[in-house]
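J.: mmCIF, C-alpha atoms, file query_18.cif:
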data_entry
loop_
_atom_site.label_atom_id
_atom_site.label_comp_id
_atom_site.auth_asym_id
_atom_site.auth_seq_id
_atom_site.Cartn_x
_atom_site.Cartn_y
_atom_site.Cartn_z
CA GLY B 1 67.17 -70.80 -219.67
CA LEU B 2 68.73 -72.53 -222.70
CA SER B 3 72.18 -72.25 -221.15
CA THR B 4 70.94 -73.78 -217.88
CA GLN B 5 69.56 -76.83 -219.66
CA LEU B 6 72.76 -77.21 -221.66
CA GLU B 7 74.84 -77.10 -218.48
CA LEU B 8 72.58 -79.74 -216.94
CA GLN B 9 73.48 -81.85 -219.99
CA GLY B 10 77.16 -81.42 -219.15
CA VAL B 11 78.02 -78.71 -221.67
CA ASP B 12 80.78 -76.29 -220.64
CA LEU B 13 79.71 -72.93 -222.06
CA LYS B 14 82.78 -71.20 -220.60
CA LYS B 15 84.52 -72.36 -223.76
CA PHE B 16 82.46 -69.80 -225.66
CA PRO B 17 82.74 -66.48 -223.75
CA LYS B 18 82.01 -64.36 -226.82
CA THR B 19 79.30 -66.41 -228.52
CA TRP B 20 77.80 -68.38 -225.59
CA THR B 21 75.26 -70.98 -226.80
CA ALA B 22 75.88 -70.05 -230.45
CA GLY B 23 79.38 -71.47 -230.06
CA LEU B 24 77.89 -74.95 -230.06
CA LEU B 25 76.75 -74.46 -233.64
CA GLU B 26 80.35 -74.81 -234.82
CA SER B 27 80.40 -78.60 -234.35
CA PRO B 28 78.06 -81.55 -234.99
CA SER B 29 78.20 -82.56 -231.32
CA GLY B 30 77.32 -79.04 -230.25
CA CYS B 31 74.36 -78.99 -232.62
CA ALA B 32 73.21 -82.30 -231.14
CA ASP B 33 73.43 -80.80 -227.64
CA LEU B 34 71.26 -77.87 -228.74
CA ARG B 35 68.65 -80.14 -230.33
CA ARG B 36 68.48 -82.16 -227.12
CA ALA B 37 68.07 -79.02 -225.04
CA HIS B 38 65.28 -77.68 -227.24
CA ALA B 39 63.55 -81.07 -227.11
CA SER B 40 63.74 -81.04 -223.31
CA TYR B 41 61.85 -77.76 -223.15
CA ILE B 42 59.21 -78.90 -225.62
CA ASP B 43 58.78 -82.22 -223.81
CA ALA B 44 58.26 -80.25 -220.59
CA GLY B 45 55.40 -78.36 -222.24
CA ALA B 46 57.06 -75.11 -223.33
CA ASP B 47 54.90 -73.00 -225.62
CA ILE B 48 57.89 -70.97 -226.85
CA ILE B 49 61.55 -71.87 -227.37
CA LEU B 50 64.32 -69.40 -228.12
CA THR B 51 67.06 -69.64 -230.72
CA SER B 52 70.71 -69.88 -229.67
CA SER B 53 71.48 -66.43 -231.07
CA TYR B 54 71.43 -64.39 -227.84
CA GLN B 55 75.11 -63.46 -227.87
CA THR B 56 75.68 -63.33 -231.61
CA SER B 57 77.04 -60.14 -233.12
CA LEU B 58 77.95 -58.63 -236.47
CA ASP B 59 81.27 -60.47 -236.17
CA THR B 60 79.55 -63.86 -235.99
CA GLU B 61 79.89 -65.89 -239.19
CA LYS B 62 76.80 -65.72 -241.36
CA VAL B 63 76.44 -69.50 -241.44
CA ILE B 64 76.33 -69.59 -237.62
CA LEU B 65 73.77 -66.80 -237.46
CA GLN B 66 71.42 -68.57 -239.81
CA LYS B 67 72.03 -72.02 -238.34
CA SER B 68 70.94 -70.70 -234.92
CA VAL B 69 67.50 -70.11 -236.42
CA ALA B 70 67.29 -73.14 -238.69
CA LEU B 71 68.29 -75.63 -236.00
CA THR B 72 65.69 -74.33 -233.54
CA VAL B 73 62.90 -74.43 -236.14
CA GLU B 74 64.00 -77.95 -237.08
CA ALA B 75 63.93 -79.05 -233.42
CA ALA B 76 60.40 -77.67 -232.97
CA ASN B 77 59.18 -79.44 -236.09
CA ILE B 78 60.79 -82.77 -235.14
CA GLU B 79 59.17 -82.76 -231.71
CA ALA B 80 55.81 -81.90 -233.28
CA THR B 81 56.03 -84.96 -235.55
CA LYS B 82 56.56 -87.11 -232.45
CA GLY B 83 53.15 -86.12 -231.18
CA GLY B 84 54.15 -83.22 -228.98
CA GLY B 85 52.83 -79.72 -229.32
CA LEU B 86 54.31 -77.39 -231.92
CA ALA B 87 56.28 -74.88 -229.88
CA LYS B 88 56.64 -71.41 -231.33
CA VAL B 89 60.17 -70.25 -232.13
CA TYR B 90 61.22 -66.77 -231.05
CA LEU B 91 64.47 -65.21 -232.20
CA SER B 92 66.69 -64.51 -229.19
CA LEU B 93 68.23 -61.04 -229.52
CA GLY B 94 70.49 -60.22 -226.62
CA PRO B 95 71.76 -56.70 -225.91
CA TRP B 96 74.94 -55.26 -227.33
CA GLY B 97 76.49 -55.49 -223.87
CA ALA B 98 76.18 -59.28 -223.86
CA THR B 99 78.42 -59.49 -226.92
CA GLN B 100 81.17 -57.67 -225.01
CA ALA B 101 81.38 -60.52 -222.48
CA ASP B 102 82.04 -57.99 -219.70
CA GLY B 103 78.77 -58.21 -217.77
CA SER B 104 77.56 -54.81 -218.98
CA GLU B 105 74.11 -56.23 -219.74
CA TYR B 106 73.70 -56.25 -215.94
CA THR B 107 75.09 -52.75 -215.33
CA GLY B 108 74.01 -50.76 -218.37
CA LYS B 109 77.46 -49.16 -218.44
CA TYR B 110 78.40 -49.19 -222.12
CA ASP B 111 81.45 -47.84 -223.90
CA PRO B 112 80.83 -44.23 -225.03
CA SER B 113 81.07 -45.44 -228.64
CA ALA B 114 77.80 -47.35 -228.17
CA THR B 115 75.60 -44.37 -228.96
CA TYR B 116 71.92 -44.51 -229.85
CA ASP B 117 72.75 -44.26 -233.57
CA TYR B 118 75.40 -46.97 -233.30
CA LEU B 119 73.11 -49.33 -231.38
CA THR B 120 70.23 -48.73 -233.78
CA GLU B 121 72.32 -49.70 -236.78
CA TRP B 122 73.90 -52.64 -234.91
CA HIS B 123 70.55 -54.14 -233.96
CA ARG B 124 69.11 -53.48 -237.42
CA LYS B 125 72.00 -55.23 -239.18
CA ARG B 126 72.07 -58.24 -236.86
CA LEU B 127 68.33 -58.77 -237.18
CA SER B 128 68.58 -58.58 -240.96
CA LEU B 129 71.43 -61.11 -241.04
CA LEU B 130 69.62 -63.55 -238.76
CA LEU B 131 66.47 -63.45 -240.87
CA GLU B 132 68.19 -63.35 -244.25
CA ASP B 133 67.14 -65.91 -246.88
CA ASN B 134 63.57 -65.83 -245.56
CA GLN B 135 64.31 -67.61 -242.30
CA GLU B 136 60.96 -67.85 -240.55
CA VAL B 137 60.35 -67.39 -236.84
CA ASP B 138 57.16 -66.79 -234.88
CA GLY B 139 58.40 -63.78 -232.96
CA LEU B 140 61.30 -61.59 -231.83
CA ALA B 141 62.68 -61.58 -228.29
CA PHE B 142 64.81 -58.53 -227.48
CA GLU B 143 66.21 -59.53 -224.10
CA THR B 144 68.07 -58.23 -221.04
CA ILE B 145 67.91 -54.57 -222.09
CA PRO B 146 69.91 -52.64 -219.45
CA ASN B 147 69.74 -48.99 -220.49
CA MET B 148 67.49 -46.44 -222.14
CA PRO B 149 69.58 -45.66 -225.25
CA GLU B 150 69.55 -49.32 -226.26
CA LEU B 151 65.83 -49.65 -225.59
CA LEU B 152 65.10 -46.64 -227.79
CA ALA B 153 67.37 -48.06 -230.50
CA ILE B 154 65.52 -51.38 -230.42
CA LEU B 155 62.14 -49.68 -230.55
CA SER B 156 63.29 -47.72 -233.59
CA VAL B 157 64.25 -50.98 -235.30
CA LEU B 158 60.88 -52.52 -234.46
CA GLU B 159 59.06 -49.52 -235.88
CA THR B 160 60.93 -49.60 -239.19
CA SER B 161 62.04 -53.22 -239.76
CA GLY B 162 58.94 -54.31 -241.63
CA TYR B 163 58.77 -57.69 -239.83
CA GLU B 164 55.09 -58.12 -239.03
CA ILE B 165 55.48 -60.69 -236.26
CA PRO B 166 55.04 -60.45 -232.48
CA ALA B 167 57.93 -59.01 -230.50
CA TRP B 168 58.84 -58.55 -226.88
CA THR B 169 61.28 -56.28 -225.10
CA THR B 170 62.38 -57.51 -221.69
CA PHE B 171 64.42 -55.37 -219.34
CA SER B 172 67.40 -56.01 -217.10
CA SER B 173 66.71 -54.50 -213.68
CA PRO B 174 68.27 -54.69 -210.21
CA ASP B 175 65.05 -53.92 -208.35
CA GLY B 176 62.02 -54.07 -210.64
CA ILE B 177 61.79 -50.28 -210.49
CA THR B 178 64.70 -49.06 -212.63
CA LEU B 179 66.75 -50.23 -215.59
CA CYS B 180 70.34 -51.12 -214.74
CA ASP B 181 71.46 -47.64 -215.79
CA GLY B 182 69.08 -46.05 -213.27
CA THR B 183 66.36 -45.03 -215.72
CA PRO B 184 62.91 -45.44 -214.09
CA LEU B 185 61.11 -48.41 -215.58
CA THR B 186 58.04 -46.21 -215.87
CA ASP B 187 59.96 -44.27 -218.55
CA ALA B 188 60.96 -47.49 -220.31
CA ILE B 189 57.39 -48.77 -220.26
CA ASP B 190 56.06 -45.45 -221.55
CA ALA B 191 58.53 -45.62 -224.45
CA CYS B 192 57.31 -49.12 -225.33
CA ILE B 193 53.69 -48.00 -225.16
CA GLN B 194 54.35 -45.07 -227.48
CA SER B 195 56.26 -47.27 -229.91
CA ALA B 196 53.55 -49.94 -229.97
CA SER B 197 50.95 -47.30 -230.77
CA THR B 198 52.72 -46.61 -234.08
CA THR B 199 52.08 -50.11 -235.42
CA SER B 200 48.69 -51.79 -235.61
CA THR B 201 49.56 -55.07 -237.32
CA THR B 202 51.83 -56.77 -234.78
CA PHE B 203 51.54 -57.70 -231.11
CA ARG B 204 53.98 -56.19 -228.64
CA TYR B 205 54.89 -57.50 -225.20
CA LEU B 206 57.24 -56.28 -222.48
CA GLY B 207 58.62 -57.54 -219.19
CA LEU B 208 61.71 -58.63 -217.28
CA ASN B 209 64.25 -61.38 -217.82
CA CYS B 210 67.40 -62.59 -216.05
CA VAL B 211 66.43 -60.71 -212.89
CA HIS B 212 66.10 -61.81 -209.26
CA PRO B 213 62.59 -63.18 -208.66
CA SER B 214 62.11 -60.60 -205.91
CA THR B 215 61.97 -57.88 -208.60
CA ILE B 216 58.83 -59.25 -210.23
CA ASN B 217 56.13 -57.97 -207.88
CA PRO B 218 57.54 -54.41 -207.72
CA PHE B 219 57.63 -54.45 -211.52
CA LEU B 220 54.04 -55.65 -211.79
CA ASP B 221 52.95 -53.01 -209.26
CA LEU B 222 54.05 -50.25 -211.64
CA ALA B 223 53.59 -51.99 -215.02
CA ILE B 224 50.01 -53.25 -214.74
CA PRO B 225 48.40 -49.83 -214.16
CA LEU B 226 50.49 -48.26 -216.93
CA LEU B 227 49.53 -50.94 -219.46
CA ALA B 228 45.78 -50.69 -218.90
CA SER B 229 43.98 -49.55 -222.06
CA THR B 230 47.17 -49.69 -224.16
CA SER B 231 48.01 -51.77 -227.22
CA ILE B 232 50.69 -53.73 -225.35
CA LYS B 233 49.37 -57.28 -225.63
CA GLY B 234 50.93 -58.85 -222.57
CA ILE B 235 53.73 -59.25 -220.03
CA VAL B 236 56.72 -61.60 -220.29
CA LEU B 237 58.60 -62.74 -217.17
CA TYR B 238 61.55 -65.10 -216.98
CA PRO B 239 63.67 -64.41 -213.90
CA ASN B 240 66.86 -66.22 -212.94
CA ASN B 241 67.69 -68.08 -209.75
CA GLY B 242 68.95 -65.00 -207.92
CA GLY B 243 72.60 -63.96 -207.73
CA ARG B 244 75.22 -61.80 -209.39
CA TRP B 245 76.95 -62.53 -212.69
CA ASP B 246 80.76 -62.47 -212.44
CA ALA B 247 82.00 -61.69 -215.93
CA ILE B 248 85.58 -62.59 -215.05
CA SER B 249 84.97 -66.06 -213.65
CA ARG B 250 81.99 -66.53 -216.01
CA LYS B 251 79.66 -67.81 -213.31
CA TRP B 252 76.83 -66.76 -211.00
CA CYS B 253 77.88 -65.71 -207.49
CA GLU B 254 76.00 -64.97 -204.28
CA VAL B 255 73.11 -67.15 -205.40
CA THR B 256 70.45 -67.11 -202.70
CA ASP B 257 68.02 -69.62 -204.23
CA GLY B 258 65.65 -66.86 -205.15
CA SER B 259 63.62 -69.44 -207.06
CA ALA B 260 62.35 -71.04 -203.84
CA GLY B 261 58.60 -71.34 -204.20
CA PHE B 262 58.83 -70.33 -207.86
CA GLU B 263 55.77 -72.33 -208.89
CA SER B 264 53.47 -70.65 -206.39
CA HIS B 265 54.94 -67.24 -207.19
CA ALA B 266 54.45 -67.84 -210.91
CA VAL B 267 50.81 -68.76 -210.35
CA GLU B 268 50.28 -65.47 -208.51
CA TRP B 269 52.14 -63.43 -211.17
CA ARG B 270 49.99 -65.03 -213.85
CA ARG B 271 46.79 -64.30 -211.91
CA ARG B 272 47.70 -60.64 -211.57
CA ILE B 273 48.48 -60.29 -215.27
CA ILE B 274 45.44 -62.22 -216.53
CA ASP B 275 43.15 -60.34 -214.17
CA ALA B 276 44.46 -57.13 -215.73
CA GLY B 277 43.33 -58.36 -219.13
CA LYS B 278 46.80 -59.05 -220.54
CA ASP B 279 48.42 -62.17 -221.99
CA CYS B 280 51.14 -63.75 -219.88
CA PHE B 281 54.31 -65.69 -220.68
CA ILE B 282 56.37 -67.03 -217.76
CA GLY B 283 59.60 -69.01 -217.87
CA GLY B 284 63.07 -69.16 -216.40
CA CYS B 285 66.45 -67.67 -217.28
CA CYS B 286 70.01 -68.36 -216.09
CA SER B 287 70.78 -69.91 -212.73
#
Have the structure of the file written as structure tokens, please.
T.:
Amino acid sequence: GLSTQLELQGVDLKKFPKTWTAGLLESPSGCADLRRAHASYIDAGADIILTSSYQTSLDTEKVILQKSVALTVEAANIEATKGGGLAKVYLSLGPWGATQADGSEYTGKYDPSATYDYLTEWHRKRLSLLLEDNQEVDGLAFETIPNMPELLAILSVLETSGYEIPAWTTFSSPDGITLCDGTPLTDAIDACIQSASTTSTTFRYLGLNCVHPSTINPFLDLAIPLLASTSIKGIVLYPNNGGRWDAISRKWCEVTDGSAGFESHAVEWRRRIIDAGKDCFIGGCCS
């Protein structure tokens, strides 16, 4: 939802098709816009804020990569000194497809060159660059994962990275039942469960993000039973406002106000998750 808040502040993110919110880090005024956006979330009571690194890649300048983390941590600390709560900072790690600026994070259709081995190394290198020089965050947010090869690559990185901090993997899904590439979400969830069982020192979460709100209940119907008696700590949900992303015009189309009644829906989602004995994080994504 960082981009949504920035747009409400009058920021035109279409100027940064390749880097998205990270593009603002190139100027003092852009950095000020990001600080204001982070402060807005914290003032509204957010427990977690995300860095502006979602669409960064290995081509992003090192100073921008690290500033995306440092600025967010700084914003959280500043708001805490004003008497607000200290929001946790999670590192936003978008999928490889997002860096292509072609909408493939919503289709799962990647170039054949984006193999499992390639994606594993890509995610490993970007994570290392973002956290270089002992940059500290409270958790990792691998977001909008649209296909099984990328999920497996990310899980491999989590198993071998050595970062002993909480992490979540949230899927991109058209229906709450499959990944965008058609893989059943039961398979994706099973892979996350197996991966989490290999590490005992860090919490793992999974869920959906940037999906139509109507996908949430079907997802919970299949996820909650599968997660019972597993080491997965909780479920993360941050749907969008409904609609289809047009990568050419760089805007959401066919928006149907899927967020209508969001508050009451969120209360019910939370009840279902808490009743199942899992932690719950709920927020919002693009609109």
J.: Neighbouring residues of Thr144 (chain B) were defined as those with any atom within 7 Å, considering only C-alpha atoms; residues of the same chain fewer than 2 positions away were excluded. Please report them as a list of chain:residue names.
T.: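 In the requested format, the answer is B:Gly94, B:Pro95, B:Glu105, B:Pro146, B:Thr170, B:Phe171, B:Ser172, B:Asn209, B:Cys210.
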J.: Pick from B:Leu34, B:Ser27, B:Ile154, B:Thr99: nearest to Glu7 (chain B), with all atoms listed in the file counted?
T.: B:Leu34
J.: Starting from the PyMOL selection byres ((chain B and resi 175-189) around 9), expand the selection into actual residues of this file and give them as a VMD selection string.
T.: chain B and resid 105 to 109 145 to 148 151 to 152 171 to 174 190 to 194 206 to 208 211 to 212 214 to 220 222 to 223 226 to 227
J.: Mind dumping the selected residues with C-alpha atoms as a PDB file, keeping the file's coordinate frame?
T.:
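Produced file selection_22.pdb, reproduced below:
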ATOM      1  CA  GLU B 105      74.110 -56.230-219.740  1.00  0.00           C
ATOM      2  CA  TYR B 106      73.700 -56.250-215.940  1.00  0.00           C
ATOM      3  CA  THR B 107      75.090 -52.750-215.330  1.00  0.00           C
ATOM      4  CA  GLY B 108      74.010 -50.760-218.370  1.00  0.00           C
ATOM      5  CA  LYS B 109      77.460 -49.160-218.440  1.00  0.00           C
ATOM      6  CA  ILE B 145      67.910 -54.570-222.090  1.00  0.00           C
ATOM      7  CA  PRO B 146      69.910 -52.640-219.450  1.00  0.00           C
ATOM      8  CA  ASN B 147      69.740 -48.990-220.490  1.00  0.00           C
ATOM      9  CA  MET B 148      67.490 -46.440-222.140  1.00  0.00           C
ATOM     10  CA  LEU B 151      65.830 -49.650-225.590  1.00  0.00           C
ATOM     11  CA  LEU B 152      65.100 -46.640-227.790  1.00  0.00           C
ATOM     12  CA  PHE B 171      64.420 -55.370-219.340  1.00  0.00           C
ATOM     13  CA  SER B 172      67.400 -56.010-217.100  1.00  0.00           C
ATOM     14  CA  SER B 173      66.710 -54.500-213.680  1.00  0.00           C
ATOM     15  CA  PRO B 174      68.270 -54.690-210.210  1.00  0.00           C
ATOM     16  CA  ASP B 190      56.060 -45.450-221.550  1.00  0.00           C
ATOM     17  CA  ALA B 191      58.530 -45.620-224.450  1.00  0.00           C
ATOM     18  CA  CYS B 192      57.310 -49.120-225.330  1.00  0.00           C
ATOM     19  CA  ILE B 193      53.690 -48.000-225.160  1.00  0.00           C
ATOM     20  CA  GLN B 194      54.350 -45.070-227.480  1.00  0.00           C
ATOM     21  CA  LEU B 206      57.240 -56.280-222.480  1.00  0.00           C
ATOM     22  CA  GLY B 207      58.620 -57.540-219.190  1.00  0.00           C
ATOM     23  CA  LEU B 208      61.710 -58.630-217.280  1.00  0.00           C
ATOM     24  CA  VAL B 211      66.430 -60.710-212.890  1.00  0.00           C
ATOM     25  CA  HIS B 212      66.100 -61.810-209.260  1.00  0.00           C
ATOM     26  CA  SER B 214      62.110 -60.600-205.910  1.00  0.00           C
ATOM     27  CA  THR B 215      61.970 -57.880-208.600  1.00  0.00           C
ATOM     28  CA  ILE B 216      58.830 -59.250-210.230  1.00  0.00           C
ATOM     29  CA  ASN B 217      56.130 -57.970-207.880  1.00  0.00           C
ATOM     30  CA  PRO B 218      57.540 -54.410-207.720  1.00  0.00           C
ATOM     31  CA  PHE B 219      57.630 -54.450-211.520  1.00  0.00           C
ATOM     32  CA  LEU B 220      54.040 -55.650-211.790  1.00  0.00           C
ATOM     33  CA  LEU B 222      54.050 -50.250-211.640  1.00  0.00           C
ATOM     34  CA  ALA B 223      53.590 -51.990-215.020  1.00  0.00           C
ATOM     35  CA  LEU B 226      50.490 -48.260-216.930  1.00  0.00           C
ATOM     36  CA  LEU B 227      49.530 -50.940-219.460  1.00  0.00           C
TER      37      LEU B 227
END
J.: Report the distance between CA of Ala76 (chain B) and CA of Ser92 (chain B) in Å, rounded to one decimal place.
T.: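 Separation of CA of Ala76 (chain B) and CA of Ser92 (chain B): 15.1 Å.
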J.: Decode the PyMOL selection byres ((chain B and resi 13-26) around 6) for the given file into explicit residues and return them as a PyMOL selection string.
T.: chain B and resi 12+27+30-31+52-53+55-56+101
J.: Go through B:Ala196, B:Val11, B:Val157, B:Ala44 one by one, measure the shortest atom-to-atom distance of each to Ser29 (chain B) using only C-alpha atoms, and give the residue with the smallest value.
T.: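 Closest to Ser29 (chain B) of all the choices is B:Val11.
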J.: Could you state the separation of CA of Ala153 (chain B) and CA of Gly1 (chain B) in Å, given to one decimal place?
T.: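 About the pair CA of Ala153 (chain B) and CA of Gly1 (chain B): they are 25.2 Å apart.
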J.: Once the PyMOL selection byres ((chain B and resi 164) around 12) has been evaluated on this model, what residues remain selected, and can you format them as an MDAnalysis selection string?
T.: chainID B and resid 136:140 158:163 165:167 199:204
J.: So how many Å separate CA of Leu237 (chain B) and CA of Ile282 (chain B), to one decimal?
T.: 4.9 Å
J.: Provide region 167-177 of chain B rebuilt to all heavy atoms, formatted as a CSV table (one decimal), in the coordinates of the input.
T.:
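The result, stored in out09.csv:
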chain,number,residue,atom,x,y,z
B,167,ALA,N,56.6,-59.3,-231.0
B,167,ALA,CA,57.9,-59.0,-230.5
B,167,ALA,C,57.8,-58.6,-229.0
B,167,ALA,O,56.8,-58.0,-228.6
B,167,ALA,CB,58.6,-57.9,-231.3
B,168,TRP,N,58.8,-59.0,-228.3
B,168,TRP,CA,58.8,-58.6,-226.9
B,168,TRP,C,60.2,-57.9,-226.6
B,168,TRP,O,61.2,-58.2,-227.2
B,168,TRP,CB,58.5,-59.6,-225.9
B,168,TRP,CG,59.5,-60.7,-225.6
B,168,TRP,CD1,60.8,-60.5,-225.1
B,168,TRP,CD2,59.3,-62.1,-225.6
B,168,TRP,NE1,61.4,-61.8,-224.9
B,168,TRP,CE2,60.5,-62.7,-225.1
B,168,TRP,CE3,58.2,-62.9,-225.8
B,168,TRP,CZ2,60.6,-64.1,-225.0
B,168,TRP,CZ3,58.3,-64.3,-225.7
B,168,TRP,CH2,59.5,-64.9,-225.3
B,169,THR,N,60.1,-56.9,-225.6
B,169,THR,CA,61.3,-56.3,-225.1
B,169,THR,C,61.3,-56.5,-223.6
B,169,THR,O,60.3,-56.1,-222.9
B,169,THR,CB,61.3,-54.8,-225.4
B,169,THR,OG1,60.0,-54.2,-225.0
B,169,THR,CG2,61.5,-54.5,-226.8
B,170,THR,N,62.3,-57.2,-223.1
B,170,THR,CA,62.4,-57.5,-221.7
B,170,THR,C,63.6,-56.8,-221.1
B,170,THR,O,64.7,-56.8,-221.7
B,170,THR,CB,62.4,-59.0,-221.4
B,170,THR,OG1,63.4,-59.6,-222.2
B,170,THR,CG2,61.1,-59.6,-221.7
B,171,PHE,N,63.4,-56.2,-219.9
B,171,PHE,CA,64.4,-55.4,-219.3
B,171,PHE,C,65.3,-56.1,-218.3
B,171,PHE,O,64.9,-57.1,-217.7
B,171,PHE,CB,63.7,-54.2,-218.6
B,171,PHE,CG,62.6,-53.5,-219.4
B,171,PHE,CD1,61.4,-53.5,-218.9
B,171,PHE,CD2,62.9,-53.0,-220.6
B,171,PHE,CE1,60.3,-52.8,-219.6
B,171,PHE,CE2,61.9,-52.4,-221.4
B,171,PHE,CZ,60.6,-52.3,-220.8
B,172,SER,N,66.5,-55.6,-218.2
B,172,SER,CA,67.4,-56.0,-217.1
B,172,SER,C,67.3,-55.0,-216.0
B,172,SER,O,67.4,-53.8,-216.2
B,172,SER,CB,68.8,-56.1,-217.6
B,172,SER,OG,69.7,-56.5,-216.6
B,173,SER,N,67.0,-55.4,-214.8
B,173,SER,CA,66.7,-54.5,-213.7
B,173,SER,C,67.2,-55.1,-212.4
B,173,SER,O,67.0,-56.2,-212.1
B,173,SER,CB,65.2,-54.2,-213.6
B,173,SER,OG,64.9,-53.5,-212.4
B,174,PRO,N,67.8,-54.2,-211.5
B,174,PRO,CA,68.3,-54.7,-210.2
B,174,PRO,C,67.2,-54.7,-209.1
B,174,PRO,O,67.4,-55.4,-208.1
B,174,PRO,CB,69.3,-53.6,-209.8
B,174,PRO,CG,68.8,-52.4,-210.5
B,174,PRO,CD,68.2,-52.8,-211.8
B,175,ASP,N,66.0,-54.1,-209.4
B,175,ASP,CA,65.0,-53.9,-208.4
B,175,ASP,C,63.6,-54.0,-208.8
B,175,ASP,O,62.7,-53.9,-208.0
B,175,ASP,CB,65.3,-52.6,-207.6
B,175,ASP,CG,65.4,-51.4,-208.5
B,175,ASP,OD1,65.0,-51.5,-209.7
B,175,ASP,OD2,65.9,-50.3,-208.1
B,176,GLY,N,63.4,-54.1,-210.1
B,176,GLY,CA,62.0,-54.1,-210.6
B,176,GLY,C,61.4,-52.7,-210.8
B,176,GLY,O,60.3,-52.5,-211.1
B,177,ILE,N,62.2,-51.7,-210.5
B,177,ILE,CA,61.8,-50.3,-210.5
B,177,ILE,C,62.6,-49.4,-211.5
B,177,ILE,O,62.1,-48.5,-212.1
B,177,ILE,CB,61.9,-49.7,-209.1
B,177,ILE,CG1,61.0,-50.5,-208.1
B,177,ILE,CG2,61.5,-48.2,-209.1
B,177,ILE,CD1,61.2,-50.1,-206.7
